[in-house]
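Below is query_24.csv, holding CSV, C-alpha atoms and all ligand atoms.
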```csv
chain,number,residue,atom,x,y,z
A,10,MET,CA,10.7,-9.6,-45.9
A,11,LYS,CA,11.4,-6.0,-45.1
A,12,ASN,CA,11.9,-5.3,-41.4
A,13,LEU,CA,9.4,-2.9,-39.9
A,14,ASN,CA,10.4,-0.6,-37.1
A,15,ARG,CA,7.9,0.3,-34.4
A,16,ARG,CA,6.8,3.5,-36.1
A,17,ASP,CA,6.3,1.8,-39.4
A,18,PHE,CA,4.4,-1.0,-37.7
A,19,LEU,CA,2.1,1.5,-36.0
A,20,LYS,CA,1.5,3.3,-39.2
A,21,SER,CA,0.6,0.2,-41.2
A,22,THR,CA,-1.7,-0.9,-38.5
A,23,ALA,CA,-3.3,2.5,-38.3
A,24,LEU,CA,-3.7,2.7,-42.1
A,25,GLY,CA,-5.5,-0.7,-42.0
A,26,VAL,CA,-7.9,0.8,-39.4
A,27,SER,CA,-8.5,3.9,-41.6
A,28,ALA,CA,-9.2,1.8,-44.7
A,29,VAL,CA,-11.7,-0.4,-42.8
A,30,ALA,CA,-13.4,2.4,-41.1
A,31,LEU,CA,-13.7,4.4,-44.2
A,32,GLY,CA,-16.2,2.0,-45.5
A,33,ALA,CA,-18.2,4.7,-43.8
A,34,THR,CA,-21.6,6.0,-44.3
A,35,SER,CA,-22.9,9.0,-42.4
A,36,VAL,CA,-25.0,8.3,-39.3
A,37,LYS,CA,-27.4,10.4,-37.3
A,38,GLY,CA,-25.7,12.4,-34.6
A,39,ALA,CA,-27.5,10.6,-31.8
A,40,ASP,CA,-27.9,7.1,-32.9
A,41,LYS,CA,-25.8,4.0,-32.2
A,42,THR,CA,-24.7,2.8,-35.6
A,43,LEU,CA,-21.1,3.8,-35.4
A,44,SER,CA,-18.6,1.2,-36.6
A,45,GLU,CA,-17.1,-0.9,-33.9
A,46,ASP,CA,-13.8,-0.2,-35.7
A,47,ARG,CA,-14.3,3.5,-35.6
A,48,ILE,CA,-11.2,5.7,-35.2
A,49,GLY,CA,-9.6,7.0,-32.1
A,50,ILE,CA,-6.6,9.2,-31.7
A,51,LEU,CA,-4.7,9.5,-28.4
A,52,VAL,CA,-2.8,12.6,-27.5
A,53,ASP,CA,-0.2,11.7,-25.0
A,54,THR,CA,0.6,15.1,-23.4
A,55,ALA,CA,3.5,13.5,-21.5
A,56,VAL,CA,5.2,12.7,-24.7
A,57,CYS,CA,4.4,15.9,-26.8
A,58,ILE,CA,7.5,18.1,-27.1
A,59,GLY,CA,5.6,21.2,-28.4
A,60,CYS,CA,7.4,21.2,-31.8
A,61,ARG,CA,4.2,22.2,-33.6
A,62,ASN,CA,5.0,20.2,-36.6
A,63,CYS,CA,1.4,19.0,-36.4
A,64,GLU,CA,0.2,22.6,-36.9
A,65,TRP,CA,2.3,22.9,-40.0
A,66,ALA,CA,1.4,19.5,-41.5
A,67,CYS,CA,-2.3,20.2,-40.9
A,68,ARG,CA,-2.1,23.5,-42.8
A,69,VAL,CA,-0.2,22.0,-45.7
A,70,ALA,CA,-2.7,19.1,-45.9
A,71,HIS,CA,-5.6,21.6,-46.1
A,72,ASP,CA,-4.0,24.0,-48.5
A,73,MET,CA,-3.9,26.7,-45.9
A,74,PRO,CA,-1.2,29.4,-45.8
A,75,THR,CA,1.9,28.3,-44.0
A,76,LYS,CA,3.9,31.6,-44.1
A,77,GLU,CA,3.7,32.1,-40.4
A,78,LEU,CA,5.1,28.7,-39.9
A,79,GLU,CA,8.5,30.0,-40.6
A,80,SER,CA,8.4,31.4,-37.0
A,81,TYR,CA,7.4,28.1,-35.5
A,82,SER,CA,10.7,27.7,-33.7
A,83,ASP,CA,9.8,31.0,-31.9
A,84,ASN,CA,8.4,29.9,-28.5
A,85,SER,CA,6.9,33.3,-27.9
A,86,VAL,CA,3.7,32.0,-29.5
A,87,PHE,CA,3.1,30.0,-26.4
A,88,LYS,CA,2.8,33.2,-24.3
A,89,GLU,CA,-0.9,33.4,-25.2
A,90,TYR,CA,-3.4,30.6,-25.1
A,91,ARG,CA,-4.7,30.0,-28.7
A,92,ARG,CA,-7.7,28.2,-30.0
A,93,PRO,CA,-8.2,26.6,-33.4
A,94,ASP,CA,-9.7,29.0,-35.9
A,95,LYS,CA,-10.1,29.6,-39.6
A,96,THR,CA,-6.4,30.0,-40.1
A,97,ALA,CA,-5.4,26.9,-38.0
A,98,LEU,CA,-7.4,23.8,-37.6
A,99,THR,CA,-5.2,22.6,-34.8
A,100,VAL,CA,-3.0,24.5,-32.3
A,101,VAL,CA,-0.6,23.5,-29.6
A,102,ASN,CA,-0.6,25.3,-26.3
A,103,GLN,CA,2.0,25.3,-23.5
A,104,PHE,CA,1.2,24.8,-19.8
A,105,GLU,CA,3.3,25.0,-16.7
A,106,ASN,CA,4.7,21.8,-15.3
A,107,GLU,CA,4.8,22.5,-11.6
A,108,LYS,CA,7.0,19.5,-10.9
A,109,ASN,CA,9.6,20.4,-13.5
A,110,PRO,CA,9.4,24.0,-14.9
A,111,LEU,CA,12.0,23.0,-17.5
A,112,LEU,CA,9.6,20.5,-19.0
A,113,PRO,CA,6.4,22.3,-19.9
A,114,VAL,CA,3.3,20.4,-20.8
A,115,TYR,CA,2.0,20.8,-24.4
A,116,VAL,CA,-1.5,20.2,-25.5
A,117,LYS,CA,-2.7,19.9,-29.1
A,118,ASN,CA,-6.3,21.0,-29.6
A,119,GLN,CA,-8.7,20.5,-32.5
A,120,CYS,CA,-12.2,19.3,-33.1
A,121,MET,CA,-12.8,16.3,-30.8
A,122,HIS,CA,-15.0,14.4,-33.2
A,123,CYS,CA,-17.6,13.7,-30.5
A,124,GLU,CA,-19.4,10.4,-30.5
A,125,ARG,CA,-22.6,12.3,-30.1
A,126,PRO,CA,-21.8,15.6,-31.8
A,127,ALA,CA,-23.8,18.6,-30.7
A,128,CYS,CA,-22.8,20.4,-33.9
A,129,VAL,CA,-24.4,17.7,-36.1
A,130,SER,CA,-27.6,17.9,-34.0
A,131,ALA,CA,-27.7,21.7,-34.2
A,132,CYS,CA,-27.3,21.8,-38.0
A,133,ILE,CA,-30.7,22.4,-39.4
A,134,VAL,CA,-29.8,21.4,-43.0
A,135,GLY,CA,-27.8,18.3,-42.4
A,136,ALA,CA,-24.6,19.9,-43.6
A,137,LEU,CA,-22.6,18.4,-40.8
A,138,THR,CA,-22.6,14.6,-40.5
A,139,LYS,CA,-21.2,12.0,-38.2
A,140,GLN,CA,-19.5,9.3,-40.2
A,141,ALA,CA,-19.6,5.6,-39.2
A,142,ASP,CA,-15.8,5.8,-38.9
A,143,GLY,CA,-16.2,8.4,-36.1
A,144,SER,CA,-15.2,11.6,-38.0
A,145,VAL,CA,-17.5,14.6,-38.2
A,146,ILE,CA,-17.4,16.2,-41.6
A,147,TRP,CA,-19.5,18.7,-43.5
A,148,ASP,CA,-20.8,19.5,-47.0
A,149,ASP,CA,-20.0,23.1,-48.1
A,150,ASP,CA,-22.8,22.9,-50.6
A,151,LYS,CA,-25.4,22.3,-47.9
A,152,CYS,CA,-24.1,24.7,-45.3
A,153,ILE,CA,-26.2,27.9,-45.2
A,154,GLY,CA,-23.8,29.7,-42.8
A,155,CYS,CA,-26.3,29.9,-39.9
A,156,ARG,CA,-23.4,29.0,-37.4
A,157,TYR,CA,-25.7,27.2,-35.0
A,158,CYS,CA,-22.9,24.6,-34.9
A,159,MET,CA,-20.6,27.2,-33.4
A,160,VAL,CA,-23.1,27.9,-30.6
A,161,ALA,CA,-23.8,24.2,-30.0
A,162,CYS,CA,-20.2,23.0,-29.8
A,163,GLN,CA,-19.1,22.7,-26.2
A,164,PHE,CA,-15.4,22.9,-27.2
A,165,GLN,CA,-16.0,26.1,-29.2
A,166,ILE,CA,-14.4,24.5,-32.3
A,167,PRO,CA,-16.2,25.3,-35.6
A,168,SER,CA,-15.1,28.6,-37.1
A,169,TYR,CA,-16.1,30.3,-40.2
A,170,ASP,CA,-14.3,31.9,-43.0
A,171,TYR,CA,-16.0,35.2,-42.6
A,172,ASP,CA,-14.0,36.6,-45.6
A,173,LYS,CA,-16.3,34.6,-47.8
A,174,SER,CA,-19.6,36.3,-46.8
A,175,ILE,CA,-21.5,35.0,-49.8
A,176,ASP,CA,-20.2,31.5,-49.6
A,177,PRO,CA,-18.9,30.9,-46.1
A,178,HIS,CA,-17.1,27.8,-45.2
A,179,ILE,CA,-16.9,25.9,-41.9
A,180,ARG,CA,-13.4,25.5,-40.7
A,181,LYS,CA,-12.5,22.7,-38.3
A,182,CYS,CA,-10.5,19.5,-38.2
A,183,ASP,CA,-12.0,17.0,-40.6
A,184,LEU,CA,-9.8,14.1,-39.3
A,185,CYS,CA,-8.1,14.4,-42.6
A,186,PHE,CA,-11.0,12.6,-44.3
A,187,GLU,CA,-9.6,13.1,-47.8
A,188,ARG,CA,-6.1,11.9,-46.9
A,189,ARG,CA,-7.6,8.8,-45.2
A,190,LYS,CA,-9.5,8.0,-48.4
A,191,LYS,CA,-6.1,7.6,-50.0
A,192,GLU,CA,-5.1,5.4,-47.2
A,193,LYS,CA,-2.9,8.1,-45.7
A,194,LEU,CA,-2.6,8.8,-42.0
A,195,PRO,CA,-3.9,12.2,-40.7
A,196,ALA,CA,-1.2,14.7,-41.5
A,197,CYS,CA,-0.6,15.6,-37.9
A,198,VAL,CA,-0.3,12.0,-36.8
A,199,ASN,CA,2.0,11.2,-39.7
A,200,ILE,CA,4.4,14.0,-38.9
A,201,CYS,CA,4.6,13.9,-35.1
A,202,PRO,CA,8.2,13.1,-34.4
A,203,ASN,CA,7.7,11.8,-30.9
A,204,GLU,CA,4.6,9.6,-31.4
A,205,ALA,CA,2.6,11.8,-29.1
A,206,LEU,CA,-0.3,11.1,-31.4
A,207,LEU,CA,-1.5,7.6,-31.7
A,208,PHE,CA,-4.1,6.6,-34.4
A,209,GLY,CA,-6.1,3.4,-34.4
A,210,LYS,CA,-9.3,1.7,-33.5
A,211,ARG,CA,-10.9,3.7,-30.7
A,212,SER,CA,-11.4,0.6,-28.5
A,213,GLU,CA,-7.7,-0.3,-28.9
A,214,ILE,CA,-6.5,3.3,-28.3
A,215,ILE,CA,-8.4,3.3,-25.1
A,216,GLN,CA,-6.7,0.1,-24.0
A,217,ILE,CA,-3.3,1.5,-24.9
A,218,ALA,CA,-4.1,4.7,-22.9
A,219,LYS,CA,-5.2,2.5,-19.9
A,220,ASN,CA,-2.0,0.5,-20.1
A,221,ARG,CA,0.2,3.7,-20.2
A,222,ILE,CA,-1.6,5.0,-17.1
A,223,LYS,CA,-1.3,1.7,-15.3
A,224,ARG,CA,2.3,1.3,-16.1
A,225,LYS,CA,3.2,4.8,-15.0
A,226,PRO,CA,0.8,5.9,-12.3
A,227,ASP,CA,3.3,8.6,-11.1
A,228,GLU,CA,3.3,10.1,-14.6
A,229,TYR,CA,-0.4,10.1,-15.5
A,230,ILE,CA,-3.5,10.9,-13.6
A,231,ASP,CA,-6.1,8.1,-13.9
A,232,HIS,CA,-8.3,9.7,-16.5
A,233,ILE,CA,-8.6,9.4,-20.2
A,234,TYR,CA,-10.1,12.7,-21.3
A,235,GLY,CA,-12.6,11.9,-24.0
A,236,GLU,CA,-13.3,8.3,-23.1
A,237,PHE,CA,-16.6,9.3,-21.6
A,238,GLU,CA,-16.8,13.1,-21.7
A,239,ILE,CA,-20.1,14.2,-23.3
A,240,GLY,CA,-20.7,10.6,-24.4
A,241,GLY,CA,-17.1,10.1,-25.7
A,242,THR,CA,-14.9,11.6,-28.4
A,243,SER,CA,-12.6,10.3,-31.1
A,244,TRP,CA,-9.7,12.4,-29.9
A,245,MET,CA,-8.7,11.4,-26.4
A,246,TYR,CA,-6.0,12.7,-24.0
A,247,ILE,CA,-3.8,11.4,-21.2
A,248,ALA,CA,-1.9,13.7,-19.0
A,249,GLY,CA,0.0,14.2,-15.8
A,250,LYS,CA,-2.1,17.0,-14.5
A,251,ASN,CA,-5.8,17.7,-14.1
A,252,PHE,CA,-7.4,18.4,-17.4
A,253,GLU,CA,-9.0,21.6,-16.2
A,254,LYS,CA,-5.6,23.0,-15.7
A,255,LEU,CA,-4.9,22.2,-19.3
A,256,LYS,CA,-8.0,24.1,-20.3
A,257,MET,CA,-9.9,21.0,-21.3
A,258,PRO,CA,-13.5,21.8,-20.2
A,259,PRO,CA,-15.0,19.7,-17.4
A,260,LEU,CA,-18.1,18.6,-19.3
A,261,GLY,CA,-19.3,15.4,-17.5
A,262,ASN,CA,-20.5,12.4,-19.4
A,263,ASN,CA,-23.9,13.5,-20.7
A,264,PRO,CA,-24.1,14.1,-24.4
A,265,ALA,CA,-25.4,17.5,-25.4
A,266,PRO,CA,-27.2,16.8,-28.6
A,267,GLY,CA,-30.4,15.4,-27.1
A,268,ILE,CA,-31.2,18.7,-25.5
A,269,SER,CA,-30.1,21.0,-28.3
A,270,GLU,CA,-31.8,18.8,-30.9
A,271,SER,CA,-35.2,18.7,-29.3
A,272,ILE,CA,-35.3,22.3,-28.5
A,273,GLN,CA,-34.1,23.3,-31.9
A,274,HIS,CA,-36.7,21.2,-33.7
A,275,GLY,CA,-39.4,22.5,-31.4
A,276,ILE,CA,-38.3,26.1,-32.1
A,277,PHE,CA,-38.3,25.6,-35.8
A,278,ALA,CA,-41.8,24.1,-35.7
A,279,TYR,CA,-42.9,27.5,-34.6
A,280,PHE,CA,-40.6,29.6,-36.8
A,281,VAL,CA,-38.7,31.3,-34.0
A,282,PRO,CA,-36.2,33.6,-35.6
A,283,PRO,CA,-32.5,32.6,-35.7
A,284,VAL,CA,-31.4,35.2,-33.2
A,285,ALA,CA,-33.7,33.7,-30.6
A,286,LEU,CA,-32.3,30.3,-31.4
A,287,TYR,CA,-28.8,31.5,-30.8
A,288,ALA,CA,-29.8,32.8,-27.4
A,289,LEU,CA,-31.7,29.6,-26.5
A,290,LEU,CA,-28.9,27.3,-27.6
A,291,GLY,CA,-26.4,29.3,-25.7
A,292,THR,CA,-28.6,29.0,-22.6
A,293,VAL,CA,-28.9,25.3,-23.1
A,294,MET,CA,-25.1,24.9,-23.4
A,295,TRP,CA,-24.6,27.0,-20.3
A,296,ILE,CA,-27.1,24.9,-18.3
A,297,THR,CA,-25.5,21.7,-19.6
A,298,ARG,CA,-22.1,22.7,-18.5
A,299,ARG,CA,-23.3,23.7,-15.1
A,300,ARG,CA,-25.2,20.5,-14.7
A,301,ASN,CA,-22.3,18.3,-15.7
A,302,GLY,CA,-20.3,19.9,-12.9
A,303,GLU,CA,-16.6,19.9,-12.4
A,304,ASN,CA,-14.2,17.1,-12.7
A,305,ASP,CA,-12.2,16.6,-9.5
A,306,GLU,CA,-9.4,14.4,-10.8
A,307,GLU,CA,-6.4,14.1,-8.6
A,308,ASN,CA,-3.6,16.3,-9.8
A,309,ILE,CA,-0.4,14.3,-10.0
A,310,LEU,CA,2.5,16.0,-11.7
A,311,LYS,CA,5.5,14.4,-13.1
A,312,PRO,CA,7.6,15.2,-16.2
A,313,HIS,CA,7.9,12.5,-18.8
A,314,ASP,CA,11.1,10.6,-19.0
A,315,GLU,CA,10.3,7.9,-21.5
A,316,LYS,CA,7.8,7.1,-24.2
A,317,GLY,CA,4.7,4.8,-23.7
A,318,GLU,CA,4.3,1.1,-24.5
A,319,ASN,CA,5.3,-0.9,-27.5
A,320,LYS,CA,8.9,-0.1,-27.2
B,1,LIG,S1,-15.9,19.1,-30.9
B,1,LIG,FE1,-17.6,20.5,-31.5
B,1,LIG,S2,-17.3,20.7,-33.8
B,1,LIG,FE2,-16.2,18.9,-33.1
B,1,LIG,S3,-17.6,17.1,-33.3
B,1,LIG,FE3,-17.8,17.9,-31.2
B,1,LIG,S4,-19.5,19.3,-31.2
B,1,LIG,FE4,-18.8,19.0,-33.3
B,2,LIG,S1,-6.5,15.1,-38.2
B,2,LIG,FE1,-6.0,16.3,-40.0
B,2,LIG,S2,-7.4,18.1,-39.9
B,2,LIG,FE2,-7.4,17.2,-37.9
B,2,LIG,S3,-5.8,18.3,-36.8
B,2,LIG,FE3,-4.8,16.5,-37.7
B,2,LIG,S4,-4.0,17.2,-39.6
B,2,LIG,FE4,-5.5,18.7,-39.0
B,3,LIG,S1,3.9,17.2,-33.8
B,3,LIG,FE1,3.6,15.8,-32.0
B,3,LIG,S2,5.2,16.4,-30.6
B,3,LIG,FE2,5.1,18.1,-32.0
B,3,LIG,S3,3.6,19.5,-31.1
B,3,LIG,FE3,2.4,18.2,-32.4
B,3,LIG,S4,1.7,16.5,-31.1
B,3,LIG,FE4,3.4,17.5,-30.0
```

Using the file provided, produce a representation of the structure as structure tokens.
Amino acid sequence: MKNLNRRDFLKSTALGVSAVALGATSVKGADKTLSEDRIGILVDTAVCIGCRNCEWACRVAHDMPTKELESYSDNSVFKEYRRPDKTALTVVNQFENEKNPLLPVYVKNQCMHCERPACVSACIVGALTKQADGSVIWDDDKCIGCRYCMVACQFQIPSYDYDKSIDPHIRKCDLCFERRKKEKLPACVNICPNEALLFGKRSEIIQIAKNRIKRKPDEYIDHIYGEFEIGGTSWMYIAGKNFEKLKMPPLGNNPAPGISESIQHGIFAYFVPPVALYALLGTVMWITRRRNGENDEENILKPHDEKGENK
């Protein structure tokens, strides 16, 4: 029998998860019929080396231009904080490591695939759907370009291809839905050279994250970002410094959809114009963020010196 190294083992296990979870049907944004085997992806920021291969692989996997990627070895890109947009579904940013300036902290960002996605609740035509496997995808044929999802998302993720004014398309991470249908790992996970991205069952990913934190309390703060934030997310993070300092919003644990959904439906019952809905949704999100308050995690800093478990 062929010997499997650790990376191959993790890949085969993860592909099994993907295949099982993709027996997926779409579920309402706010109900509880998600698969117990739904997907989770851990971003271990203590392991990420900021190579940005994930950015490149994501673009290739989604037929997006990769010309700029020739400059990916140019670290000047890290001078400015970047957000995912229509040209890049995922981006990596660099943050200062106060304990060891020679080892910056890198954080990959993309759609979080919320357990209770506000974007799905805000979508008035059902173009965005939460799948039982945990991914949040959309149907271009249903999308009317209203962009309520952009307003509703607390991570400011959905973007639009404004160049296509007649037939606009949502742009965001789709958790590589098409690749996973073919039993392939998400492109970013597949290419990550340092196993900073770990793909598997959400429940198991959380346990792995807990184990890493427990084993190296000097390296990680005791917080898995995304385990509970706004009701939980599919992408989760562990880090050695307070997540606010990594520009991860302090959202608290209350899901946003309940509020945006009820207000939105009430408004439409009375035919309030879209511009008013934009304003109201924006106000709701502002209030929600304020209500959820700030996360006062302890800020423990330490550069990574080795990878996580399963060595
Ligand atoms: S991060 Fe934003 S776009 Fe992604 S699932 Fe959550 S609400 Fe939707
Ligand atoms: S899961 Fe796929 S779409 Fe999402 S960031 Fe990774 S490569 Fe891009
Ligand atoms: S490919 Fe992996 S190590 Fe490289 S930047 Fe992306 S997450 Fe970090």

Measuring between only C-alpha atoms, which one of A:Arg125, A:Glu192, A:Asp170, A:Pro226 shows the shortest distance to Asn262 in chain A?
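The closest residue to Asn262 in chain A is A:Arg125.
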
Given a cut-off of 7 Å, what residues near ligand LIG 1 (chain B) show up using all atoms listed in the file, put as a list of chain:residue names?
A:Cys120, A:Met121, A:His122, A:Cys123, A:Pro126, A:Ala127, A:Cys128, A:Val129, A:Val145, A:Cys158, A:Ala161, A:Cys162, A:Gln163, A:Phe164, A:Gln165, A:Ile166, A:Pro167, A:Lys181

Any chance you can output those residues with C-alpha atoms as a short mmCIF file (atom, residue, chain, number, x, y, z; two decimals), in the coordinates of the input?
```cif
data_model
loop_
_atom_site.label_atom_id
_atom_site.label_comp_id
_atom_site.auth_asym_id
_atom_site.auth_seq_id
_atom_site.Cartn_x
_atom_site.Cartn_y
_atom_site.Cartn_z
CA CYS A 120 -12.20 19.30 -33.10
CA MET A 121 -12.80 16.30 -30.80
CA HIS A 122 -15.00 14.40 -33.20
CA CYS A 123 -17.60 13.70 -30.50
CA PRO A 126 -21.80 15.60 -31.80
CA ALA A 127 -23.80 18.60 -30.70
CA CYS A 128 -22.80 20.40 -33.90
CA VAL A 129 -24.40 17.70 -36.10
CA VAL A 145 -17.50 14.60 -38.20
CA CYS A 158 -22.90 24.60 -34.90
CA ALA A 161 -23.80 24.20 -30.00
CA CYS A 162 -20.20 23.00 -29.80
CA GLN A 163 -19.10 22.70 -26.20
CA PHE A 164 -15.40 22.90 -27.20
CA GLN A 165 -16.00 26.10 -29.20
CA ILE A 166 -14.40 24.50 -32.30
CA PRO A 167 -16.20 25.30 -35.60
CA LYS A 181 -12.50 22.70 -38.30
#
```

Distance limit 10 Å, reference ligand LIG 2 (chain B), atoms considered: all atoms listed in the file. Which residues make the cut? Give them as a ChimeraX atom specification.
/A:50,62-71,93,97-100,117-122,144,180-189,194-200,206,208,244

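Considering the residues A:Leu137, A:Ala248, A:Ile215, A:Cys201 and counting only C-alpha atoms and all ligand atoms, ligand LIG 3 (chain B) has its shortest atom-to-atom contact with A:Cys201.
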
Please, what distance in Å, to one decimal, runs between CA of Met245 in chain A and CA of Glu124 in chain A?
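One can read the CA of Met245 in chain A to CA of Glu124 in chain A distance as 11.5 Å.
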
Write out as an NGL selection string each polymer residue whose atoms come within 9 Å of His232 in chain A, counting all atoms listed in the file; drop sequence neighbours fewer than 4 positions from it.
:A and (219 or 222 or 236 or 246-248 or 251-252 or 306)

Print the selection's residues with C-alpha atoms to a file, as a tab-separated table (two decimals), in the coordinates of the input.
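Wrote selection.tsv, looks like this:
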```tsv
chain	number	residue	atom	x	y	z
A	219	LYS	CA	-5.20	2.50	-19.90
A	222	ILE	CA	-1.60	5.00	-17.10
A	236	GLU	CA	-13.30	8.30	-23.10
A	246	TYR	CA	-6.00	12.70	-24.00
A	247	ILE	CA	-3.80	11.40	-21.20
A	248	ALA	CA	-1.90	13.70	-19.00
A	251	ASN	CA	-5.80	17.70	-14.10
A	252	PHE	CA	-7.40	18.40	-17.40
A	306	GLU	CA	-9.40	14.40	-10.80
```

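Distances here use only C-alpha atoms and all ligand atoms; by that measure, the residue among A:Pro202, A:Gly49, A:Gly235, A:Pro110 closest to ligand LIG 3 (chain B) is A:Pro202.
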
Test item: residues at most 9 Å from range 57-59 of chain A, only C-alpha atoms, excluding those fewer than 5 positions along its chain, as a list of chain:residue names
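So, after excluding close chain neighbours, the residues are A:Val52, A:Val101, A:Asn102, A:Gln103, A:Leu112, A:Pro113, A:Val114, A:Tyr115, A:Val116, A:Lys117, A:Cys201, A:Pro202, A:Asn203, A:Glu204, A:Ala205, A:Leu206.
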
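Each of A:Tyr234, A:Lys108, A:Leu207, A:Lys95 was compared to ligand LIG 3 (chain B) using only C-alpha atoms and all ligand atoms, and A:Leu207 turns out to be the nearest.
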
Report, in Å with one decimal, the straight-line distance from CA of Asp53 in chain A to atom FE2 of ligand LIG 3 (chain B).
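Atom FE2 of ligand LIG 3 (chain B) lies at a distance of 10.9 Å from CA of Asp53 in chain A.
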
Take CA of Ser243 in chain A and CA of Gly154 in chain A and report the distance between them in Å, one decimal.
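About the pair CA of Ser243 in chain A and CA of Gly154 in chain A: they are 25.3 Å apart.
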
So, counting all atoms listed in the file, which residue among A:Thr138, A:Ser82, A:Ser44, A:Ser130 is closest to Lys210 in chain A?
A:Ser44

Since the input has fewer atoms than a full residue there, write range 61-67 of chain A out with all heavy atoms, as a short mmCIF file (atom, residue, chain, number, x, y, z; two decimals), in the coordinates of the input.
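Writing done, so here's part_26.cif:
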```
data_model
loop_
_atom_site.label_atom_id
_atom_site.label_comp_id
_atom_site.auth_asym_id
_atom_site.auth_seq_id
_atom_site.Cartn_x
_atom_site.Cartn_y
_atom_site.Cartn_z
N ARG A 61 5.18 21.65 -32.70
CA ARG A 61 4.20 22.20 -33.60
C ARG A 61 4.25 21.81 -35.01
O ARG A 61 3.69 22.43 -35.91
CB ARG A 61 4.18 23.78 -33.45
CG ARG A 61 3.85 24.25 -32.02
CD ARG A 61 4.10 25.73 -31.84
NE ARG A 61 3.25 26.52 -32.69
CZ ARG A 61 3.65 27.68 -33.26
NH1 ARG A 61 4.86 28.14 -33.06
NH2 ARG A 61 2.83 28.36 -34.00
N ASN A 62 4.97 20.73 -35.26
CA ASN A 62 5.00 20.20 -36.60
C ASN A 62 3.57 19.79 -37.05
O ASN A 62 3.24 19.87 -38.24
CB ASN A 62 5.86 18.91 -36.65
CG ASN A 62 7.33 19.24 -36.67
OD1 ASN A 62 7.71 20.40 -36.79
ND2 ASN A 62 8.17 18.22 -36.53
N CYS A 63 2.76 19.39 -36.08
CA CYS A 63 1.40 19.00 -36.40
C CYS A 63 0.61 20.18 -36.98
O CYS A 63 -0.19 20.02 -37.90
CB CYS A 63 0.69 18.42 -35.19
SG CYS A 63 0.87 19.41 -33.70
N GLU A 64 0.85 21.35 -36.42
CA GLU A 64 0.20 22.60 -36.90
C GLU A 64 0.56 22.79 -38.39
O GLU A 64 -0.29 23.08 -39.24
CB GLU A 64 0.54 23.79 -36.10
CG GLU A 64 0.02 23.77 -34.69
CD GLU A 64 0.29 25.09 -33.98
OE1 GLU A 64 0.42 26.13 -34.66
OE2 GLU A 64 0.40 25.09 -32.73
N TRP A 65 1.84 22.66 -38.63
CA TRP A 65 2.30 22.90 -40.00
C TRP A 65 1.76 21.87 -40.96
O TRP A 65 1.24 22.22 -42.03
CB TRP A 65 3.87 22.81 -39.99
CG TRP A 65 4.47 22.98 -41.34
CD1 TRP A 65 4.72 24.14 -41.99
CD2 TRP A 65 4.86 21.93 -42.23
NE1 TRP A 65 5.26 23.89 -43.23
CE2 TRP A 65 5.35 22.54 -43.40
CE3 TRP A 65 4.84 20.54 -42.14
CZ2 TRP A 65 5.82 21.79 -44.49
CZ3 TRP A 65 5.31 19.79 -43.22
CH2 TRP A 65 5.79 20.42 -44.37
N ALA A 66 1.82 20.60 -40.58
CA ALA A 66 1.40 19.50 -41.50
C ALA A 66 -0.14 19.66 -41.76
O ALA A 66 -0.60 19.41 -42.88
CB ALA A 66 1.65 18.17 -40.86
N CYS A 67 -0.89 20.07 -40.75
CA CYS A 67 -2.30 20.20 -40.90
C CYS A 67 -2.62 21.32 -41.95
O CYS A 67 -3.47 21.16 -42.83
CB CYS A 67 -2.96 20.58 -39.57
SG CYS A 67 -4.75 20.78 -39.64
#
```
